[in-house]
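The file data_3.pdb contains PDB, C-alpha atoms and all ligand atoms:
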MODEL        1
ATOM      1  CA  MET A  25     -47.897   0.212  66.267
ATOM      2  CA  ASP A  26     -47.030   1.634  69.680
ATOM      3  CA  LEU A  27     -48.857   4.940  69.939
ATOM      4  CA  GLY A  28     -46.646   6.034  72.844
ATOM      5  CA  ILE A  29     -49.365   7.651  74.959
ATOM      6  CA  THR A  30     -49.617   5.310  77.956
ATOM      7  CA  GLY A  31     -50.229   7.321  81.128
ATOM      8  CA  LYS A  32     -51.395  10.496  79.340
ATOM      9  CA  VAL A  33     -54.620  12.132  80.531
ATOM     10  CA  ALA A  34     -57.519  12.551  78.093
ATOM     11  CA  LEU A  35     -60.792  14.417  78.471
ATOM     12  CA  ILE A  36     -63.553  13.418  76.052
ATOM     13  CA  THR A  37     -66.708  15.509  76.178
ATOM     14  CA  GLY A  38     -69.852  13.521  75.508
ATOM     15  CA  GLY A  39     -67.789  10.400  76.169
ATOM     16  CA  SER A  40     -70.654   8.434  77.667
ATOM     17  CA  ARG A  41     -72.272   7.365  74.384
ATOM     18  CA  GLY A  42     -71.719   7.173  70.646
ATOM     19  CA  LEU A  43     -68.550   8.427  68.996
ATOM     20  CA  GLY A  44     -67.276   9.918  72.270
ATOM     21  CA  ARG A  45     -67.615   6.568  74.024
ATOM     22  CA  GLN A  46     -65.773   4.855  71.171
ATOM     23  CA  SER A  47     -62.980   7.457  71.369
ATOM     24  CA  ALA A  48     -62.720   6.928  75.120
ATOM     25  CA  LEU A  49     -62.495   3.140  74.703
ATOM     26  CA  ALA A  50     -59.823   3.475  71.990
ATOM     27  CA  LEU A  51     -57.710   5.780  74.170
ATOM     28  CA  ALA A  52     -58.157   3.565  77.249
ATOM     29  CA  SER A  53     -56.980   0.571  75.207
ATOM     30  CA  GLU A  54     -53.720   2.516  74.691
ATOM     31  CA  GLY A  55     -53.264   2.948  78.447
ATOM     32  CA  VAL A  56     -54.507   6.544  78.553
ATOM     33  CA  LYS A  57     -56.240   7.807  81.719
ATOM     34  CA  VAL A  58     -59.691   8.871  80.663
ATOM     35  CA  ALA A  59     -62.226  11.456  81.825
ATOM     36  CA  ILE A  60     -65.624  11.536  80.158
ATOM     37  CA  CYS A  61     -68.522  13.903  80.650
ATOM     38  CA  GLY A  62     -72.212  13.968  79.792
ATOM     39  CA  ARG A  63     -75.544  15.076  81.263
ATOM     40  CA  THR A  64     -76.851  11.625  82.257
ATOM     41  CA  ASN A  65     -75.529   9.641  85.199
ATOM     42  CA  SER A  66     -76.657   6.202  84.016
ATOM     43  CA  SER A  67     -74.785   6.257  80.692
ATOM     44  CA  LEU A  68     -71.733   7.851  82.325
ATOM     45  CA  ASP A  69     -71.651   5.062  84.928
ATOM     46  CA  SER A  70     -71.984   2.246  82.409
ATOM     47  CA  THR A  71     -69.239   3.634  80.157
ATOM     48  CA  VAL A  72     -66.945   4.230  83.159
ATOM     49  CA  LYS A  73     -67.373   0.517  84.006
ATOM     50  CA  GLU A  74     -66.466  -0.481  80.434
ATOM     51  CA  ILE A  75     -63.352   1.708  80.520
ATOM     52  CA  GLU A  76     -62.281   0.261  83.880
ATOM     53  CA  GLU A  77     -61.897  -3.094  82.110
ATOM     54  CA  PHE A  78     -58.766  -1.690  80.453
ATOM     55  CA  GLY A  79     -57.163  -1.177  83.883
ATOM     56  CA  VAL A  80     -56.722   2.586  83.468
ATOM     57  CA  ASP A  81     -57.798   5.394  85.783
ATOM     58  CA  VAL A  82     -61.169   6.749  84.700
ATOM     59  CA  VAL A  83     -63.629   9.340  85.899
ATOM     60  CA  GLY A  84     -67.147  10.180  84.705
ATOM     61  CA  ILE A  85     -68.257  13.743  85.374
ATOM     62  CA  LEU A  86     -71.749  15.171  85.083
ATOM     63  CA  ALA A  87     -71.396  18.334  82.988
ATOM     64  CA  ASP A  88     -73.314  20.200  80.295
ATOM     65  CA  VAL A  89     -70.926  21.735  77.752
ATOM     66  CA  THR A  90     -73.389  24.528  77.006
ATOM     67  CA  GLU A  91     -72.900  25.838  80.582
ATOM     68  CA  LEU A  92     -69.634  27.717  81.013
ATOM     69  CA  ASP A  93     -69.639  27.124  84.786
ATOM     70  CA  ASP A  94     -69.872  23.375  84.108
ATOM     71  CA  ILE A  95     -66.975  23.639  81.650
ATOM     72  CA  ARG A  96     -64.727  25.283  84.233
ATOM     73  CA  SER A  97     -65.609  22.866  87.033
ATOM     74  CA  LEU A  98     -65.263  19.918  84.627
ATOM     75  CA  HIS A  99     -61.729  21.004  83.774
ATOM     76  CA  SER A 100     -60.675  21.433  87.413
ATOM     77  CA  GLU A 101     -62.276  18.147  88.433
ATOM     78  CA  VAL A 102     -60.313  16.288  85.744
ATOM     79  CA  CYS A 103     -57.046  17.983  86.769
ATOM     80  CA  ASN A 104     -57.667  17.157  90.439
ATOM     81  CA  SER A 105     -58.630  13.541  89.882
ATOM     82  CA  LEU A 106     -56.401  12.391  86.977
ATOM     83  CA  GLY A 107     -53.903  15.213  86.371
ATOM     84  CA  ALA A 108     -53.697  18.007  83.802
ATOM     85  CA  VAL A 109     -55.272  17.325  80.425
ATOM     86  CA  ASP A 110     -52.812  16.175  77.708
ATOM     87  CA  ILE A 111     -55.432  15.113  75.159
ATOM     88  CA  LEU A 112     -58.683  16.995  74.678
ATOM     89  CA  VAL A 113     -61.434  15.551  72.490
ATOM     90  CA  ASN A 114     -64.261  18.041  71.984
ATOM     91  CA  ASN A 115     -66.901  15.577  70.888
ATOM     92  CA  ALA A 116     -70.181  16.676  72.525
ATOM     93  CA  GLY A 117     -72.328  18.289  69.874
ATOM     94  CA  GLY A 118     -75.220  17.724  67.565
ATOM     95  CA  SER A 119     -78.084  19.198  65.681
ATOM     96  CA  LEU A 120     -80.948  20.964  67.447
ATOM     97  CA  SER A 121     -83.286  21.543  64.493
ATOM     98  CA  ARG A 122     -83.877  20.635  60.865
ATOM     99  CA  GLU A 123     -84.549  24.106  59.543
ATOM    100  CA  ASP A 124     -83.233  26.534  56.928
ATOM    101  CA  ILE A 125     -82.697  30.266  57.523
ATOM    102  CA  GLN A 126     -86.398  31.146  57.446
ATOM    103  CA  GLY A 127     -87.298  28.567  60.058
ATOM    104  CA  THR A 128     -84.402  29.314  62.400
ATOM    105  CA  SER A 129     -84.511  31.920  65.166
ATOM    106  CA  LEU A 130     -81.339  33.703  66.212
ATOM    107  CA  ASP A 131     -81.749  32.055  69.605
ATOM    108  CA  ASP A 132     -81.741  28.538  68.072
ATOM    109  CA  PHE A 133     -78.741  29.476  65.937
ATOM    110  CA  LYS A 134     -76.852  30.626  69.076
ATOM    111  CA  LYS A 135     -77.852  27.506  71.032
ATOM    112  CA  THR A 136     -76.343  25.305  68.313
ATOM    113  CA  PHE A 137     -73.107  27.254  68.627
ATOM    114  CA  ASP A 138     -73.238  26.873  72.434
ATOM    115  CA  LEU A 139     -73.403  23.103  71.978
ATOM    116  CA  ASN A 140     -70.933  22.608  69.116
ATOM    117  CA  VAL A 141     -68.449  25.473  69.409
ATOM    118  CA  PHE A 142     -68.361  27.651  72.528
ATOM    119  CA  GLY A 143     -67.904  24.968  75.192
ATOM    120  CA  GLY A 144     -65.137  23.345  73.183
ATOM    121  CA  PHE A 145     -63.489  26.723  72.612
ATOM    122  CA  GLU A 146     -63.445  27.410  76.361
ATOM    123  CA  LEU A 147     -62.065  23.932  77.108
ATOM    124  CA  MET A 148     -59.255  24.470  74.605
ATOM    125  CA  LYS A 149     -58.339  27.727  76.377
ATOM    126  CA  LEU A 150     -58.337  25.954  79.748
ATOM    127  CA  ALA A 151     -56.247  23.005  78.516
ATOM    128  CA  ILE A 152     -53.651  24.877  76.433
ATOM    129  CA  PRO A 153     -51.514  26.407  79.252
ATOM    130  CA  HIS A 154     -50.486  22.970  80.620
ATOM    131  CA  MET A 155     -49.925  21.605  77.108
ATOM    132  CA  LYS A 156     -47.710  24.593  76.290
ATOM    133  CA  GLU A 157     -45.716  24.203  79.480
ATOM    134  CA  ASN A 158     -45.289  20.490  78.772
ATOM    135  CA  LYS A 159     -44.464  21.084  75.089
ATOM    136  CA  TRP A 160     -46.945  18.326  74.263
ATOM    137  CA  GLY A 161     -50.672  18.322  73.629
ATOM    138  CA  ARG A 162     -53.338  16.969  71.335
ATOM    139  CA  ILE A 163     -56.690  18.608  70.628
ATOM    140  CA  ILE A 164     -59.267  16.872  68.448
ATOM    141  CA  ASN A 165     -62.531  18.566  67.606
ATOM    142  CA  ILE A 166     -65.317  16.400  66.251
ATOM    143  CA  ALA A 167     -66.938  18.348  63.422
ATOM    144  CA  SER A 168     -68.947  16.885  60.514
ATOM    145  CA  ILE A 169     -68.823  16.546  56.750
ATOM    146  CA  TYR A 170     -71.572  19.184  56.923
ATOM    147  CA  GLY A 171     -69.022  21.662  58.277
ATOM    148  CA  ARG A 172     -66.984  21.195  55.083
ATOM    149  CA  GLU A 173     -69.691  21.180  52.455
ATOM    150  CA  TYR A 174     -73.427  21.852  52.117
ATOM    151  CA  GLY A 175     -75.704  19.632  54.186
ATOM    152  CA  GLY A 176     -77.875  19.382  57.292
ATOM    153  CA  ASN A 177     -79.553  22.477  58.710
ATOM    154  CA  ILE A 178     -78.199  26.021  58.700
ATOM    155  CA  SER A 179     -77.268  26.142  62.395
ATOM    156  CA  TYR A 180     -75.419  22.799  62.470
ATOM    157  CA  MET A 181     -73.583  23.413  59.193
ATOM    158  CA  SER A 182     -72.511  26.898  60.322
ATOM    159  CA  ALA A 183     -71.428  25.737  63.795
ATOM    160  CA  LYS A 184     -69.361  22.811  62.491
ATOM    161  CA  ALA A 185     -67.737  25.093  59.873
ATOM    162  CA  ALA A 186     -66.822  27.490  62.697
ATOM    163  CA  LEU A 187     -65.351  24.605  64.703
ATOM    164  CA  ILE A 188     -63.189  23.565  61.745
ATOM    165  CA  ALA A 189     -62.023  27.175  61.311
ATOM    166  CA  ALA A 190     -61.202  27.583  65.024
ATOM    167  CA  THR A 191     -59.280  24.303  64.845
ATOM    168  CA  LYS A 192     -57.182  25.498  61.913
ATOM    169  CA  HIS A 193     -56.460  28.864  63.513
ATOM    170  CA  SER A 194     -55.453  27.320  66.852
ATOM    171  CA  ALA A 195     -53.252  24.756  65.099
ATOM    172  CA  ILE A 196     -51.204  27.471  63.399
ATOM    173  CA  SER A 197     -50.843  29.465  66.652
ATOM    174  CA  LEU A 198     -49.697  26.401  68.580
ATOM    175  CA  ALA A 199     -47.606  24.635  65.944
ATOM    176  CA  LYS A 200     -44.282  25.517  67.599
ATOM    177  CA  ASP A 201     -45.472  24.422  71.052
ATOM    178  CA  GLY A 202     -45.741  20.685  70.438
ATOM    179  CA  ILE A 203     -49.525  20.935  70.406
ATOM    180  CA  LEU A 204     -51.362  19.347  67.473
ATOM    181  CA  VAL A 205     -54.902  20.550  66.804
ATOM    182  CA  ASN A 206     -57.085  18.732  64.298
ATOM    183  CA  SER A 207     -60.721  18.200  63.496
ATOM    184  CA  ILE A 208     -62.520  15.100  62.294
ATOM    185  CA  ALA A 209     -65.449  15.221  59.890
ATOM    186  CA  PRO A 210     -67.570  12.092  60.225
ATOM    187  CA  GLY A 211     -70.278  11.141  57.767
ATOM    188  CA  SER A 212     -73.432   9.296  58.835
ATOM    189  CA  ILE A 213     -72.292   6.899  61.558
ATOM    190  CA  GLU A 214     -74.783   4.695  63.365
ATOM    191  CA  VAL A 215     -74.361   4.428  67.139
ATOM    192  CA  PRO A 216     -76.777   2.952  69.715
ATOM    193  CA  GLY A 217     -79.366   5.584  70.640
ATOM    194  CA  GLY A 218     -77.900   8.024  68.101
ATOM    195  CA  SER A 219     -79.611  10.107  65.427
ATOM    196  CA  TRP A 220     -79.127   7.586  62.585
ATOM    197  CA  GLU A 221     -80.607   4.782  64.663
ATOM    198  CA  ARG A 222     -83.580   7.069  65.348
ATOM    199  CA  PHE A 223     -83.815   7.907  61.638
ATOM    200  CA  GLN A 224     -84.105   4.203  60.806
ATOM    201  CA  ASN A 225     -86.681   3.593  63.544
ATOM    202  CA  ASP A 226     -88.782   6.624  62.585
ATOM    203  CA  ASN A 227     -88.927   6.008  58.830
ATOM    204  CA  THR A 228     -90.209   3.273  56.549
ATOM    205  CA  PRO A 229     -87.662   0.809  55.082
ATOM    206  CA  ASP A 230     -88.223   2.462  51.660
ATOM    207  CA  VAL A 231     -87.188   5.888  52.951
ATOM    208  CA  VAL A 232     -84.141   4.428  54.688
ATOM    209  CA  GLU A 233     -83.099   2.464  51.568
ATOM    210  CA  THR A 234     -83.465   5.558  49.390
ATOM    211  CA  PHE A 235     -81.307   7.575  51.802
ATOM    212  CA  ILE A 236     -78.646   4.878  51.807
ATOM    213  CA  SER A 237     -78.564   4.465  48.047
ATOM    214  CA  ASN A 238     -78.480   8.242  47.447
ATOM    215  CA  ASN A 239     -75.868   9.081  50.087
ATOM    216  CA  LEU A 240     -73.801   6.147  51.297
ATOM    217  CA  PRO A 241     -71.535   4.596  48.628
ATOM    218  CA  MET A 242     -70.723   1.610  50.870
ATOM    219  CA  GLY A 243     -74.431   0.759  50.966
ATOM    220  CA  ARG A 244     -74.590   1.015  54.747
ATOM    221  CA  PHE A 245     -74.285   3.504  57.597
ATOM    222  CA  GLY A 246     -70.865   4.052  59.112
ATOM    223  CA  TRP A 247     -69.808   2.293  62.332
ATOM    224  CA  PRO A 248     -67.917   3.896  65.232
ATOM    225  CA  GLU A 249     -64.748   1.780  65.671
ATOM    226  CA  PRO A 250     -62.754   3.412  62.831
ATOM    227  CA  LEU A 251     -63.455   6.830  64.330
ATOM    228  CA  GLY A 252     -62.197   5.724  67.759
ATOM    229  CA  ASP A 253     -59.017   4.415  66.130
ATOM    230  CA  LEU A 254     -58.561   7.693  64.253
ATOM    231  CA  VAL A 255     -58.920   9.673  67.480
ATOM    232  CA  ALA A 256     -56.312   7.432  69.139
ATOM    233  CA  PHE A 257     -53.895   7.883  66.220
ATOM    234  CA  LEU A 258     -54.322  11.678  66.154
ATOM    235  CA  SER A 259     -53.762  11.661  69.938
ATOM    236  CA  SER A 260     -50.553   9.716  69.581
ATOM    237  CA  ASN A 261     -46.850  10.320  69.192
ATOM    238  CA  ARG A 262     -47.076   8.886  65.646
ATOM    239  CA  SER A 263     -49.151  11.741  64.227
ATOM    240  CA  GLY A 264     -46.446  14.412  64.667
ATOM    241  CA  LEU A 265     -46.812  16.089  61.274
ATOM    242  CA  ILE A 266     -50.585  16.320  61.276
ATOM    243  CA  THR A 267     -51.954  19.596  62.545
ATOM    244  CA  GLY A 268     -54.637  21.983  61.308
ATOM    245  CA  SER A 269     -56.176  19.189  59.278
ATOM    246  CA  CYS A 270     -59.805  18.254  58.999
ATOM    247  CA  ILE A 271     -59.893  14.518  58.417
ATOM    248  CA  VAL A 272     -62.938  13.061  56.725
ATOM    249  CA  ILE A 273     -64.191   9.648  57.849
ATOM    250  CA  ASP A 274     -67.336   8.950  55.878
ATOM    251  CA  GLY A 275     -67.083   5.863  53.651
ATOM    252  CA  GLY A 276     -67.034   8.122  50.592
ATOM    253  CA  GLN A 277     -70.203  10.046  51.500
ATOM    254  CA  SER A 278     -68.822  13.562  50.894
ATOM    255  CA  ILE A 279     -69.252  15.108  47.473
ATOM    256  CA  SER A 280     -66.124  17.261  47.824
ATOM    257  CA  MET A 281     -62.849  15.980  46.312
ATOM    258  CA  ILE A 282     -60.697  17.761  48.942
TER     259      ILE A 282
HETATM  260  N1  LIG B   1     -72.961  10.022  64.460
HETATM  261  C1  LIG B   1     -72.856  10.710  63.322
HETATM  262  O1  LIG B   1     -73.330  10.296  62.265
HETATM  263  C2  LIG B   1     -72.135  12.031  63.311
HETATM  264  C3  LIG B   1     -71.850  12.603  62.056
HETATM  265  C4  LIG B   1     -71.167  13.808  62.018
HETATM  266  C5  LIG B   1     -70.785  14.420  63.187
HETATM  267  N2  LIG B   1     -71.084  13.856  64.380
HETATM  268  C6  LIG B   1     -70.673  14.565  65.587
HETATM  269  O2  LIG B   1     -70.051  13.657  66.467
HETATM  270  C7  LIG B   1     -70.305  14.032  67.818
HETATM  271  C8  LIG B   1     -70.891  12.849  68.570
HETATM  272  O3  LIG B   1     -72.060  12.429  67.897
HETATM  273  P1  LIG B   1     -72.807  11.063  68.287
HETATM  274  O4  LIG B   1     -73.537  10.639  67.075
HETATM  275  O5  LIG B   1     -71.893  10.138  68.968
HETATM  276  O6  LIG B   1     -73.878  11.630  69.335
HETATM  277  P2  LIG B   1     -74.709  10.873  70.465
HETATM  278  O7  LIG B   1     -74.777   9.424  70.197
HETATM  279  O8  LIG B   1     -75.991  11.637  70.570
HETATM  280  O9  LIG B   1     -73.833  11.092  71.777
HETATM  281  C9  LIG B   1     -73.641  12.383  72.222
HETATM  282  C10 LIG B   1     -72.838  12.351  73.497
HETATM  283  O10 LIG B   1     -72.662  13.704  73.940
HETATM  284  C11 LIG B   1     -73.318  13.866  75.204
HETATM  285  N3  LIG B   1     -73.925  15.202  75.197
HETATM  286  C12 LIG B   1     -74.918  15.661  74.416
HETATM  287  N4  LIG B   1     -75.187  16.942  74.715
HETATM  288  C13 LIG B   1     -74.325  17.291  75.709
HETATM  289  C14 LIG B   1     -74.117  18.473  76.449
HETATM  290  N5  LIG B   1     -74.846  19.583  76.249
HETATM  291  N6  LIG B   1     -73.154  18.485  77.393
HETATM  292  C15 LIG B   1     -72.401  17.373  77.631
HETATM  293  N7  LIG B   1     -72.549  16.224  76.964
HETATM  294  C16 LIG B   1     -73.522  16.187  76.013
HETATM  295  C17 LIG B   1     -74.321  12.725  75.297
HETATM  296  O11 LIG B   1     -74.628  12.386  76.637
HETATM  297  P3  LIG B   1     -75.909  13.062  77.387
HETATM  298  O12 LIG B   1     -77.030  13.071  76.407
HETATM  299  O13 LIG B   1     -76.138  12.197  78.583
HETATM  300  O14 LIG B   1     -75.472  14.441  77.761
HETATM  301  C18 LIG B   1     -73.526  11.611  74.623
HETATM  302  O15 LIG B   1     -72.555  11.093  75.494
HETATM  303  C19 LIG B   1     -71.203  15.263  67.742
HETATM  304  O16 LIG B   1     -70.421  16.427  67.835
HETATM  305  C20 LIG B   1     -71.831  15.147  66.372
HETATM  306  O17 LIG B   1     -72.228  16.397  65.858
HETATM  307  C21 LIG B   1     -71.758  12.679  64.474
ENDMDL
END
Since I need it in another form, could you write the structure as structure tokens?
Ligand SMILES: NC(=O)c1ccc[n+]([C@@H]2O[C@H](COP(=O)([O-])OP(=O)(O)OC[C@H]3O[C@@H](n4cnc5c(N)ncnc54)[C@H](OP(=O)(O)O)[C@@H]3O)[C@@H](O)[C@H]2O)c1
Amino acid sequence: MDLGITGKVALITGGSRGLGRQSALALASEGVKVAICGRTNSSLDSTVKEIEEFGVDVVGILADVTELDDIRSLHSEVCNSLGAVDILVNNAGGSLSREDIQGTSLDDFKKTFDLNVFGGFELMKLAIPHMKENKWGRIINIASIYGREYGGNISYMSAKAALIAATKHSAISLAKDGILVNSIAPGSIEVPGGSWERFQNDNTPDVVETFISNNLPMGRFGWPEPLGDLVAFLSSNRSGLITGSCIVIDGGQSISMI
């Protein structure tokens, strides 16, 4: 299937490792020019080298999505080096604690929103004017199954639910402008150096087996390639009728039927 996005410009936050890296590789394999950001030079550099193998223009930019100044300079740096952003993947995010309401300070709650929601919100606002002018744009926000149904800690679940809601609202506002806005809700996907790899290293085989048998119908953790392919499809010209959706990719892990 020709996805029809060769030469487009994509920005993937947190594209140096994990699901962001996989999304960047999938887009590069379609001939998309790719910008990735992260807070660590070494992983940015190694992923930039991998992306170069696809023969596309690529740039790795040091930026922390919780810093609004970084967000603004990240956006201008991408525009200056590759061109205006056609495809935005708000992927940087994660969980900062394991607590319920009684163990969570307001400050920790806000910090989780800084990481998972506010930076992505600001990047959407920066990217939308060009997309509107061009009558073409794709925004993909990486949420979680725990933004759709109960799970994880209170801050993460609330932040991912807010991201899904902001996605839906933006999609409706922009539906007549050729801009498709969707979120993806991954289940437990193992990536090198990621939280599920740490979980397996930090716990006994019994604990890991119990988690898998209680939560993962496929009997194994998820793997990142299908998510990269989903990002590429949602970024493409073939996904024209999909907007405002939250697409689950979890090997059957969610309890919810919808
Ligand atoms: N993997 C899963 O099972 C799973 C499940 C549901 C949802 N998700 C969501 O999917 C997204 C990616 O998860 P992942 O598992 O791939 O995570 P990961 O392996 O920890 O990778 C996170 C990426 O984001 C970057 N990053 C982290 N904090 C950042 C910040 N403040 N500013 C800029 N970049 C930052 C990291 O680079 P630096 O550390 O160098 O900054 C890295 O490139 C997250 O939004 C996560 O909530 C993942």
Residues returned when the PyMOL selection byres (((not hetatm)) within 8 of (chain B and resi 1)) runs on this file, as a count of residues only
51
Rounded to one decimal in Å, what is the spacing between CA of Ser105 (chain A) and CA of Val82 (chain A)?
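Atom-to-atom, CA of Ser105 (chain A) and CA of Val82 (chain A) are spaced 8.9 Å apart.
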What do you get, as a CSV table (one decimal) with C-alpha atoms, in the coordinates of the input, if you spell out every residue that the PyMOL selection byres (((chain A and resi 175-178) around 8) and not hetatm) selects here?
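Dumped to out25.csv:
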chain,number,residue,atom,x,y,z
A,119,SER,CA,-78.1,19.2,65.7
A,121,SER,CA,-83.3,21.5,64.5
A,122,ARG,CA,-83.9,20.6,60.9
A,123,GLU,CA,-84.5,24.1,59.5
A,124,ASP,CA,-83.2,26.5,56.9
A,125,ILE,CA,-82.7,30.3,57.5
A,128,THR,CA,-84.4,29.3,62.4
A,169,ILE,CA,-68.8,16.5,56.8
A,170,TYR,CA,-71.6,19.2,56.9
A,173,GLU,CA,-69.7,21.2,52.5
A,174,TYR,CA,-73.4,21.9,52.1
A,179,SER,CA,-77.3,26.1,62.4
A,180,TYR,CA,-75.4,22.8,62.5
A,181,MET,CA,-73.6,23.4,59.2
A,182,SER,CA,-72.5,26.9,60.3
Can you turn the PyMOL selection byres (((chain A and resi 108-112) around 8) and not hetatm) into a concrete residue list for this file, as a list in words?
Lys32, Val33, Ala34, Leu35, Ile36, Val102, Cys103, Asn104, Leu106, Gly107, Val113, Asn114, Met148, Ala151, His154, Met155, Trp160, Gly161, Arg162, Ile163, Ile164 and Ser259 of chain A
Using only C-alpha atoms, which residue out of A:Val232, A:Ile208, A:Leu198, A:Ala186 lies closest to Ile152 (chain A)?
A:Leu198
Tell me, in Å to one decimal, how far CA of Gly144 (chain A) is from CA of Glu76 (chain A).
25.6 Å
Can you list, as a PDB file with C-alpha atoms, in the frame of the given file, every protein, DNA or RNA residue that comes within 9 Å of Lys192 (chain A) when you count all atoms listed in the file, leaving out same-chain residues fewer than 6 positions away?
ATOM      1  CA  VAL A 205     -54.902  20.550  66.804  1.00  0.00           C
ATOM      2  CA  ASN A 206     -57.085  18.732  64.298  1.00  0.00           C
ATOM      3  CA  SER A 207     -60.721  18.200  63.496  1.00  0.00           C
ATOM      4  CA  THR A 267     -51.954  19.596  62.545  1.00  0.00           C
ATOM      5  CA  GLY A 268     -54.637  21.983  61.308  1.00  0.00           C
ATOM      6  CA  SER A 269     -56.176  19.189  59.278  1.00  0.00           C
ATOM      7  CA  CYS A 270     -59.805  18.254  58.999  1.00  0.00           C
TER       8      CYS A 270
END
For region 149-168 of chain A, take all atoms listed in the file, fit an axis-aligned box around them, add 6 Å to each of the six sides, then output centre and edge lengths in Å rounded to one decimal, as JSON.
{"center_x": -56.7, "center_y": 22.1, "center_z": 70.6, "size_x": 36.5, "size_y": 23.3, "size_z": 32.1}
Separation of CA of Val83 (chain A) from CA of Val255 (chain A), in Å and rounded to one decimal
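Distance reported for this atom pair: 19.0 Å.
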Counting only C-alpha atoms, closest pick from A:Lys134, A:Arg244, A:Lys200, A:Arg262 relative to Ala183 (chain A) is A:Lys134
Of the residues A:Asn261, A:Asp69, A:Asp253, A:Gln126, which is the one nearest to Thr30 (chain A), using all atoms listed in the file?
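Residue with the minimum atom-to-atom distance to Thr30 (chain A): A:Asn261.
Restricting the calculation to all atoms listed in the file, the smallest distance between Leu98 (chain A) and any of A:Leu187, A:Ile60, A:Gly276, A:Met242 is found for A:Ile60.
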Select all residues near (-43.2, 9.6, 70.4) (cut-off 10 Å, inclusive, file coordinates), counting all atoms listed in the file, and output them as a list in words.
Asp26, Leu27, Gly28, Ile29, Ser260, Asn261, Arg262, Ser263 and Gly264 of chain A
Of the listed residues A:Ala52, A:Leu120, A:Val80, A:Ile271, that which approaches Asn165 (chain A) most closely, counting all atoms listed in the file:
A:Ile271
Nearest-residue call for Ile279 (chain A), choices A:Val56, A:Val231, A:Ile75, A:Leu240, using only C-alpha atoms
A:Leu240
Select region 93-105 of chain A in the preceding structure and write N, CA and C atoms to a file as a short mmCIF file (atom, residue, chain, number, x, y, z; two decimals), in the first residue's frame.
data_model
loop_
_atom_site.label_atom_id
_atom_site.label_comp_id
_atom_site.auth_asym_id
_atom_site.auth_seq_id
_atom_site.Cartn_x
_atom_site.Cartn_y
_atom_site.Cartn_z
N ASP A 93 9.64 26.83 26.78
CA ASP A 93 10.65 27.48 25.91
C ASP A 93 11.27 26.46 24.96
N ASP A 94 11.53 25.25 25.49
CA ASP A 94 12.09 24.18 24.63
C ASP A 94 11.10 23.83 23.52
N ILE A 95 9.83 23.79 23.86
CA ILE A 95 8.80 23.43 22.87
C ILE A 95 8.83 24.43 21.71
N ARG A 96 8.89 25.71 22.07
CA ARG A 96 8.86 26.74 21.01
C ARG A 96 10.13 26.68 20.16
N SER A 97 11.29 26.53 20.82
CA SER A 97 12.51 26.49 20.00
C SER A 97 12.60 25.18 19.20
N LEU A 98 12.06 24.10 19.76
CA LEU A 98 12.02 22.83 19.01
C LEU A 98 11.22 23.02 17.72
N HIS A 99 10.06 23.64 17.84
CA HIS A 99 9.21 23.83 16.66
C HIS A 99 9.93 24.69 15.62
N SER A 100 10.54 25.81 16.05
CA SER A 100 11.20 26.64 15.02
C SER A 100 12.41 25.96 14.42
N GLU A 101 13.13 25.19 15.25
CA GLU A 101 14.30 24.48 14.70
C GLU A 101 13.89 23.46 13.62
N VAL A 102 12.78 22.76 13.86
CA VAL A 102 12.31 21.79 12.87
C VAL A 102 11.92 22.53 11.58
N CYS A 103 11.17 23.62 11.73
CA CYS A 103 10.72 24.37 10.54
C CYS A 103 11.93 24.88 9.75
N ASN A 104 12.95 25.37 10.47
CA ASN A 104 14.12 25.92 9.78
C ASN A 104 14.96 24.82 9.11
N SER A 105 15.03 23.65 9.74
CA SER A 105 15.92 22.65 9.16
C SER A 105 15.24 21.72 8.16
#
